[in-house]
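Data block below; observations after.
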Amino acid sequence: MQHEAVANTEDFGGPDIVSGPARISQAGIDPPYAAYELGKPYDEMFAPDGKVRGPYAALDSRLSTLSLEELVRRQQSCEQSFLHQGITFTVYSDNRATERIIPTDLLPRIITAAEWARLEAGLTQRIVALNLFLRDIYTDGRVLKDGVIPRQLIYGSKHYRREMRGLPVPHGAYVNICGSDLIRDETGDFVVLEDNLRVPSGVSYMLANRDVARRAFPAVFRSMGVRPIEHYPLELLATLRSLTPFTEDVSIAVLTPGVFNSAYFEHAFLARQMGVELVEGRDLLVNDNVVYTRTTSGLKRIDVIYRRIDDDFVDPLIFREDSALGVPGLFNAYRAGNVMIANALGTGVADDKAVYAYVPRLIRYYLAEEPILENVETFLCREETSLHHVLANLDKLVVKAVGESGGYGMLVGPHATKQERAEFAEKIKSDPDNYIAQPTIQLSTAPTFVGNGVEARHVDLRPFILHGAETKIVPGALTRVALRRGSLVVNSSQGGGSKDTWVLSQ
Amino acid sequence: MLSRVADSLYWMSRYVERAEHTARVIAVKLDSMVEQTPEDAAASWARVAEALSGEKQAVRHADAFAITRKLAFDRDNDTSLINSLSMARDNARQVREALSNEVWENLNRLYLRLSPVTMDSIWVHSPARLFREVLEDMHALEGVTYSTLSHGEGWYFLELGRHIERVQLVGRLLDLHFTAAANEGEAGPKYFDWLVLLKFCTAFEPYTKRYTASIRPQKIAEFLLFDAEFPHSICFSVDRMTEALARVAPGAPPARRAAVERLAGRLKSAVDFGQVDDLMRGGIASFIADVIRQCEQIHKQLYSSYITYGAETVL
């Protein structure tokens, strides 16, 4: 039983890169890309003429020497490695819990040094502006007085926390950990689709995928000068430490909702990698506005909490009183300055769909700079000209209700019937403030191993931004993949997977 | 160390110990049954079933297939091998950050491999082999636990769980065999059953090294109760428990430490100064019952001293 086939996919033997005349594969013709379709969206690996782009040449050479069986074997052993590591989420049906891995794809997605430099500058600019915005709306409200963004949009948001008003946060950093979602438009430019400013997850998959891809293609990896990402936990720890004025004996904990949470693996992973405690709400207690954990030797004080639970559940005395995940009194300890919480409470107000549309304006307002990274074009129905445009082009647009998520209150224009569009138009007219519209978004495609070859699948990009005393972005990201042919949905709950992202050093 | 983490490590270790014991008893029993008459085998299976499930088992219903299925794969039987592994793994998952990758992956892999196995798939061809392989995996788990974890407080909580469980498992086997010998006379355990009892506890070779191959119930009792060097003797486990208790919760208030160490000291002296000659006059069952009761007291005090203590008592 213990002699089962070795799970790892070491690839140290054999020729790693083909020598001899360089072959450049053609999408749709050469194996393993015979079924690779190039469409209107930007493709990460192939230029519009079907030839392999420069950064993918080494990977292409390697792929052309590997048999399909060998690729299948590597794919299977990487799935097995995920299963054994417990990188799984649980699906409940018929009273039985089944564990599934989040599918991972062997083939890396490659980002050039120049592309990364622009991403890094743009994301830094954005996080700085968003934090200035949060400080502003929780203190002076200058941006509201100046009429840059409507008051009602902020004060009416369910993520606005009045409890945070006037409360100073270290370095003015409200969002310490951010995971923005970006996509590439048809011209190949990265644009921001969403800022996740509350409790973004996925960084453990970024690191786990790196292990997989590096094992699957070690020589290609080595030859390409891929920038390392393994120091993420260290940078996260430094960011959390920077939130306290103390330099020694800082006691840090990761607060998890517990083992049943779908991101539990990540919470445990980060705690272990940083060497800090992983705690649940029931491990913590507050006395005299100081937070303690219950240890075998007695109570131990906690200085910084990296919380992986939503605002609503943090403290039943202040927020949802039915929360069993949080800690009664935690918010008062926070207000008293005795504990730091990352991210701060109330950051969700800034990643709301409507506020998102204002981010380019916020960047200009706070930094007097032009945004380096664009948003996906967004029409705010609250603005007269936009409203007319939206109503006249409903068949081409996706319209979303601002306060909703998960596809509720949404119209996908091109797929809707005439009558559905007419009904939705009435809804928009009766409450324009509540709606935004965007053109139907095309995600870029990237090579993905699908069992009998390599095909194009849609991908997005989630880099992770750390912001404490300074801003740090580890050169890497989670690339999420819509594994179903033609699908644009990258969420893991709906058939999405992920793959490693290689940022090149030059 | 967080109290909740200590709690999970302790229980993870108890379940691992129980799983290992169950796998070994089944493997030994499946191997040895072929050498017994059907009647003797049935009586022996009934004792095994009672020792492992805690339920009295009628000899005439003692069927090897049904008992193995119940003890190994029955998800409705709380103490089955698969349930013990599942509970060990659930506890390990809750303290993933306190374990090494090696420990977690060994345990997880073992559970994932055993999980789909059914009786029908193993019974036709050498069913004992599966359990021997599980045992080898469990030894590997024990090895990486010893060699990849720091031997700090967490490790001592694992030791506590392992040995408190082991005392009870070995104790129950001894109790059943000696009670049957006292009550059933000719129908009770025979030479071969005593030999198998030693094998249930991995004790056959160590026993023969100490007492030669002459198998005598009194010597078996002496060895499994009082031998200070053999890892599956009750004396050895009690020593380990006492040592582990001295190493956990270093900063706890003296009164709470004393409460649990006093109980452990009392058990240790009972075992250190026990004499098998006294016990052979019918006192084995009550001696073992007393040892098990004391273990339960230690368990309770361990919890109230270090894990579930009221926060108001320390503020």
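Ordered as shown in the structure tokens, chains take letters A, B, and onward, while each chain numbers its residues from 1 and ligands are numbered from 1 in the order shown.
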Run DSSP on the backbone and tell me which residues of region 309-472 of chain A come out as alpha helix (DSSP H); list them as a PyMOL selection string. chain A and resi 311-314+330-335+353-367+384-392+418-430
Quick one: which residues from chain A are at most 9 Å off chain B, using only C-alpha atoms, as a PyMOL selection string? chain A and resi 1-2+83-86+258-259+265+267-273+275-279+282-283+285+287+293-299
Grab the residues selected above and save them as a compact mmCIF listing (two decimals), in the first residue's frame with N, CA and C atoms.
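Done, and the output landed in out-v2.txt:
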# COMPACT_ATOMS: atom_id res chain seq x y z
N MET A 1 0.82 -1.21 0.00
CA MET A 1 0.00 0.00 0.00
C MET A 1 0.85 1.26 0.00
N GLN A 2 1.94 1.19 0.79
CA GLN A 2 2.79 2.37 0.82
C GLN A 2 3.69 2.44 -0.40
N LEU A 83 -4.61 16.55 -3.55
CA LEU A 83 -5.51 15.77 -2.69
C LEU A 83 -4.81 15.39 -1.40
N HIS A 84 -3.56 14.92 -1.53
CA HIS A 84 -2.84 14.50 -0.33
C HIS A 84 -2.53 15.67 0.59
N GLN A 85 -2.24 16.81 -0.01
CA GLN A 85 -1.95 17.98 0.83
C GLN A 85 -3.22 18.52 1.48
N GLY A 86 -4.37 18.05 0.98
CA GLY A 86 -5.63 18.53 1.55
C GLY A 86 -6.04 19.87 0.97
N GLY A 258 -13.02 28.67 10.76
CA GLY A 258 -12.92 27.28 11.18
C GLY A 258 -12.79 26.33 10.01
N VAL A 259 -12.73 25.07 10.38
CA VAL A 259 -12.35 24.03 9.43
C VAL A 259 -13.38 23.83 8.32
N PHE A 265 -7.99 25.76 4.26
CA PHE A 265 -6.63 25.33 3.90
C PHE A 265 -5.70 26.54 3.84
N HIS A 267 -6.05 29.49 5.31
CA HIS A 267 -5.83 30.11 6.62
C HIS A 267 -4.73 29.36 7.38
N ALA A 268 -4.86 28.02 7.38
CA ALA A 268 -3.87 27.20 8.08
C ALA A 268 -2.50 27.34 7.41
N PHE A 269 -2.52 27.36 6.09
CA PHE A 269 -1.28 27.48 5.33
C PHE A 269 -0.54 28.77 5.68
N LEU A 270 -1.26 29.88 5.68
CA LEU A 270 -0.61 31.17 5.94
C LEU A 270 -0.10 31.24 7.37
N ALA A 271 -0.89 30.73 8.32
CA ALA A 271 -0.44 30.75 9.71
C ALA A 271 0.84 29.94 9.85
N ARG A 272 0.88 28.78 9.22
CA ARG A 272 2.04 27.91 9.31
C ARG A 272 3.25 28.56 8.65
N GLN A 273 3.03 29.13 7.47
CA GLN A 273 4.14 29.74 6.75
C GLN A 273 4.69 30.96 7.46
N GLY A 275 4.43 31.31 10.74
CA GLY A 275 4.79 30.92 12.09
C GLY A 275 4.01 31.66 13.15
N VAL A 276 2.73 31.90 12.87
CA VAL A 276 1.88 32.56 13.88
C VAL A 276 0.72 31.64 14.22
N GLU A 277 -0.03 32.02 15.25
CA GLU A 277 -1.15 31.17 15.67
C GLU A 277 -2.30 31.24 14.68
N LEU A 278 -2.98 30.13 14.49
CA LEU A 278 -4.25 30.12 13.78
C LEU A 278 -5.33 30.02 14.86
N VAL A 279 -6.20 31.01 14.93
CA VAL A 279 -7.20 30.98 16.00
C VAL A 279 -8.61 31.04 15.41
N ARG A 282 -13.68 31.22 19.11
CA ARG A 282 -13.81 30.65 20.45
C ARG A 282 -12.48 30.57 21.20
N ASP A 283 -11.35 30.77 20.50
CA ASP A 283 -10.05 30.78 21.19
C ASP A 283 -9.74 32.13 21.80
N LEU A 285 -10.71 35.88 23.74
CA LEU A 285 -11.62 36.56 24.62
C LEU A 285 -11.08 37.95 24.90
N ASN A 287 -10.88 41.10 27.59
CA ASN A 287 -11.08 41.56 28.96
C ASN A 287 -10.46 42.94 29.08
N THR A 293 -5.73 35.02 23.89
CA THR A 293 -6.09 33.65 23.51
C THR A 293 -5.95 32.77 24.73
N ARG A 294 -6.73 31.71 24.72
CA ARG A 294 -6.65 30.75 25.82
C ARG A 294 -5.59 29.70 25.47
N THR A 295 -4.50 29.68 26.24
CA THR A 295 -3.47 28.67 26.00
C THR A 295 -3.42 27.72 27.18
N THR A 296 -2.68 26.65 27.00
CA THR A 296 -2.60 25.66 28.09
C THR A 296 -1.97 26.27 29.34
N SER A 297 -1.10 27.26 29.15
CA SER A 297 -0.43 27.86 30.30
C SER A 297 -1.18 29.06 30.87
N GLY A 298 -2.26 29.45 30.22
CA GLY A 298 -2.99 30.62 30.69
C GLY A 298 -3.33 31.52 29.51
N LEU A 299 -3.72 32.76 29.80
CA LEU A 299 -4.13 33.65 28.73
C LEU A 299 -2.92 34.38 28.15
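Using only C-alpha atoms, the residues found no farther than 9 Å from Leu224 (chain B), other than those of its own chain fewer than 5 positions away, are Val170, Gly171, Leu174, Leu198, Cys201, Ala203, Tyr207, Lys219, Phe230, His232, Ser233, Ile234 and Cys235 of chain B.
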Take the residues that were just selected and, keeping N, CA and C atoms, output them as a compact mmCIF listing (two decimals), in the first residue's frame.
# COMPACT_ATOMS: atom_id res chain seq x y z
N VAL B 170 -4.91 -1.96 25.84
CA VAL B 170 -4.21 -3.14 26.34
C VAL B 170 -4.93 -3.68 27.58
N GLY B 171 -5.35 -2.74 28.42
CA GLY B 171 -6.05 -3.15 29.65
C GLY B 171 -7.31 -3.95 29.33
N LEU B 174 -6.43 -7.53 28.20
CA LEU B 174 -5.99 -8.33 29.34
C LEU B 174 -7.18 -8.73 30.19
N LEU B 198 -0.40 -12.03 23.08
CA LEU B 198 0.90 -11.36 23.01
C LEU B 198 1.06 -10.66 21.67
N CYS B 201 -0.52 -7.39 21.08
CA CYS B 201 0.18 -6.26 21.71
C CYS B 201 1.62 -6.14 21.20
N ALA B 203 3.84 -8.15 21.38
CA ALA B 203 4.67 -8.48 22.53
C ALA B 203 5.30 -9.86 22.43
N TYR B 207 8.48 -10.74 24.73
CA TYR B 207 8.14 -11.63 25.84
C TYR B 207 9.09 -12.82 25.88
N LYS B 219 2.97 -14.94 33.58
CA LYS B 219 4.10 -14.18 33.05
C LYS B 219 3.61 -13.13 32.04
N PHE B 230 9.05 -2.35 27.84
CA PHE B 230 8.31 -2.72 26.65
C PHE B 230 7.22 -1.66 26.34
N HIS B 232 4.45 -1.43 24.86
CA HIS B 232 3.01 -1.65 24.97
C HIS B 232 2.60 -2.19 26.34
N SER B 233 3.49 -2.05 27.31
CA SER B 233 3.07 -2.44 28.66
C SER B 233 2.43 -1.24 29.35
N ILE B 234 1.58 -1.56 30.31
CA ILE B 234 0.87 -0.49 31.00
C ILE B 234 1.84 0.36 31.82
N CYS B 235 2.82 -0.29 32.41
CA CYS B 235 3.82 0.44 33.19
C CYS B 235 4.56 1.45 32.31
Just want the 9 Å neighbourhood of Ser80 (chain B), counted on only C-alpha atoms, with same-chain residues fewer than 4 positions away dropped. Output as a PDB file with N, CA and C atoms, in the first residue's frame.
ATOM      1  N   ARG B  18      -5.830   4.153  18.518  1.00  0.00           N
ATOM      2  CA  ARG B  18      -6.939   3.210  18.439  1.00  0.00           C
ATOM      3  C   ARG B  18      -6.972   2.543  17.058  1.00  0.00           C
ATOM      4  N   ALA B  19      -6.725   3.331  16.024  1.00  0.00           N
ATOM      5  CA  ALA B  19      -6.727   2.777  14.668  1.00  0.00           C
ATOM      6  C   ALA B  19      -5.611   1.749  14.516  1.00  0.00           C
ATOM      7  N   THR B  22      -6.493  -1.413  16.394  1.00  0.00           N
ATOM      8  CA  THR B  22      -7.559  -2.153  15.713  1.00  0.00           C
ATOM      9  C   THR B  22      -7.002  -2.889  14.497  1.00  0.00           C
ATOM     10  N   LEU B  52     -12.715  -4.552  21.213  1.00  0.00           N
ATOM     11  CA  LEU B  52     -12.576  -3.386  20.345  1.00  0.00           C
ATOM     12  C   LEU B  52     -13.837  -2.537  20.233  1.00  0.00           C
ATOM     13  N   SER B  53     -14.992  -3.161  20.414  1.00  0.00           N
ATOM     14  CA  SER B  53     -16.208  -2.359  20.242  1.00  0.00           C
ATOM     15  C   SER B  53     -16.874  -2.062  21.576  1.00  0.00           C
ATOM     16  N   ARG B  69     -15.839  -6.791   9.208  1.00  0.00           N
ATOM     17  CA  ARG B  69     -16.488  -5.648   8.561  1.00  0.00           C
ATOM     18  C   ARG B  69     -16.879  -4.589   9.590  1.00  0.00           C
ATOM     19  N   LYS B  70     -17.441  -5.065  10.693  1.00  0.00           N
ATOM     20  CA  LYS B  70     -17.887  -4.113  11.702  1.00  0.00           C
ATOM     21  C   LYS B  70     -16.701  -3.348  12.317  1.00  0.00           C
ATOM     22  N   LEU B  71     -15.644  -4.081  12.617  1.00  0.00           N
ATOM     23  CA  LEU B  71     -14.512  -3.441  13.294  1.00  0.00           C
ATOM     24  C   LEU B  71     -13.685  -2.569  12.363  1.00  0.00           C
ATOM     25  N   ALA B  72     -13.685  -2.935  11.078  1.00  0.00           N
ATOM     26  CA  ALA B  72     -12.806  -2.190  10.178  1.00  0.00           C
ATOM     27  C   ALA B  72     -13.542  -1.114   9.391  1.00  0.00           C
ATOM     28  N   PHE B  73     -14.681  -1.470   8.805  1.00  0.00           N
ATOM     29  CA  PHE B  73     -15.242  -0.577   7.783  1.00  0.00           C
ATOM     30  C   PHE B  73     -16.608   0.009   8.113  1.00  0.00           C
ATOM     31  N   ASP B  74     -17.203  -0.393   9.236  1.00  0.00           N
ATOM     32  CA  ASP B  74     -18.569   0.034   9.529  1.00  0.00           C
ATOM     33  C   ASP B  74     -18.583   1.497  10.002  1.00  0.00           C
ATOM     34  N   ARG B  75     -19.179   2.373   9.176  1.00  0.00           N
ATOM     35  CA  ARG B  75     -19.192   3.796   9.543  1.00  0.00           C
ATOM     36  C   ARG B  75     -20.165   4.076  10.682  1.00  0.00           C
ATOM     37  N   ASP B  76     -21.047   3.099  10.960  1.00  0.00           N
ATOM     38  CA  ASP B  76     -21.968   3.290  12.096  1.00  0.00           C
ATOM     39  C   ASP B  76     -21.363   2.828  13.417  1.00  0.00           C
ATOM     40  N   SER B  84     -12.029   5.695  13.242  1.00  0.00           N
ATOM     41  CA  SER B  84     -10.906   6.201  14.043  1.00  0.00           C
ATOM     42  C   SER B  84      -9.972   7.036  13.168  1.00  0.00           C
ATOM     43  N   LEU B  85      -9.703   6.530  11.969  1.00  0.00           N
ATOM     44  CA  LEU B  85      -8.825   7.284  11.067  1.00  0.00           C
ATOM     45  C   LEU B  85      -9.470   8.597  10.647  1.00  0.00           C
TER      46      LEU B  85
END
Write out as a tab-separated table the residues of region 199-314 of chain B that have any atom within 7 Å of an atom of region 156-168 of chain B, one row each with the nearest atom pair and its distance in Å to one decimal, counting only C-alpha atoms, sorted by chain and then rising number.
residue	atom	partner	partner_atom	distance
B:Ile234	CA	B:Val167	CA	5.4
B:Ser237	CA	B:His163	CA	5.0
B:Met241	CA	B:Leu160	CA	5.4
B:Ala244	CA	B:Tyr156	CA	5.1
B:Arg247	CA	B:Tyr156	CA	6.8
B:Val248	CA	B:Tyr156	CA	6.4
B:Ile292	CA	B:Gln168	CA	5.9
B:Cys295	CA	B:Ile164	CA	6.4
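What separates CA of Tyr56 (chain A) from CA of Ile110 (chain A) is a distance of 7.3 Å.
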Selection: 12 Å around Ser492 (chain A), only C-alpha atoms, excl. self and same-chain fewer than 5 positions, as a VMD selection string: chain A and resid 88 to 91 100 to 104 201 to 202 205 262 to 263 479 to 484 497 to 498
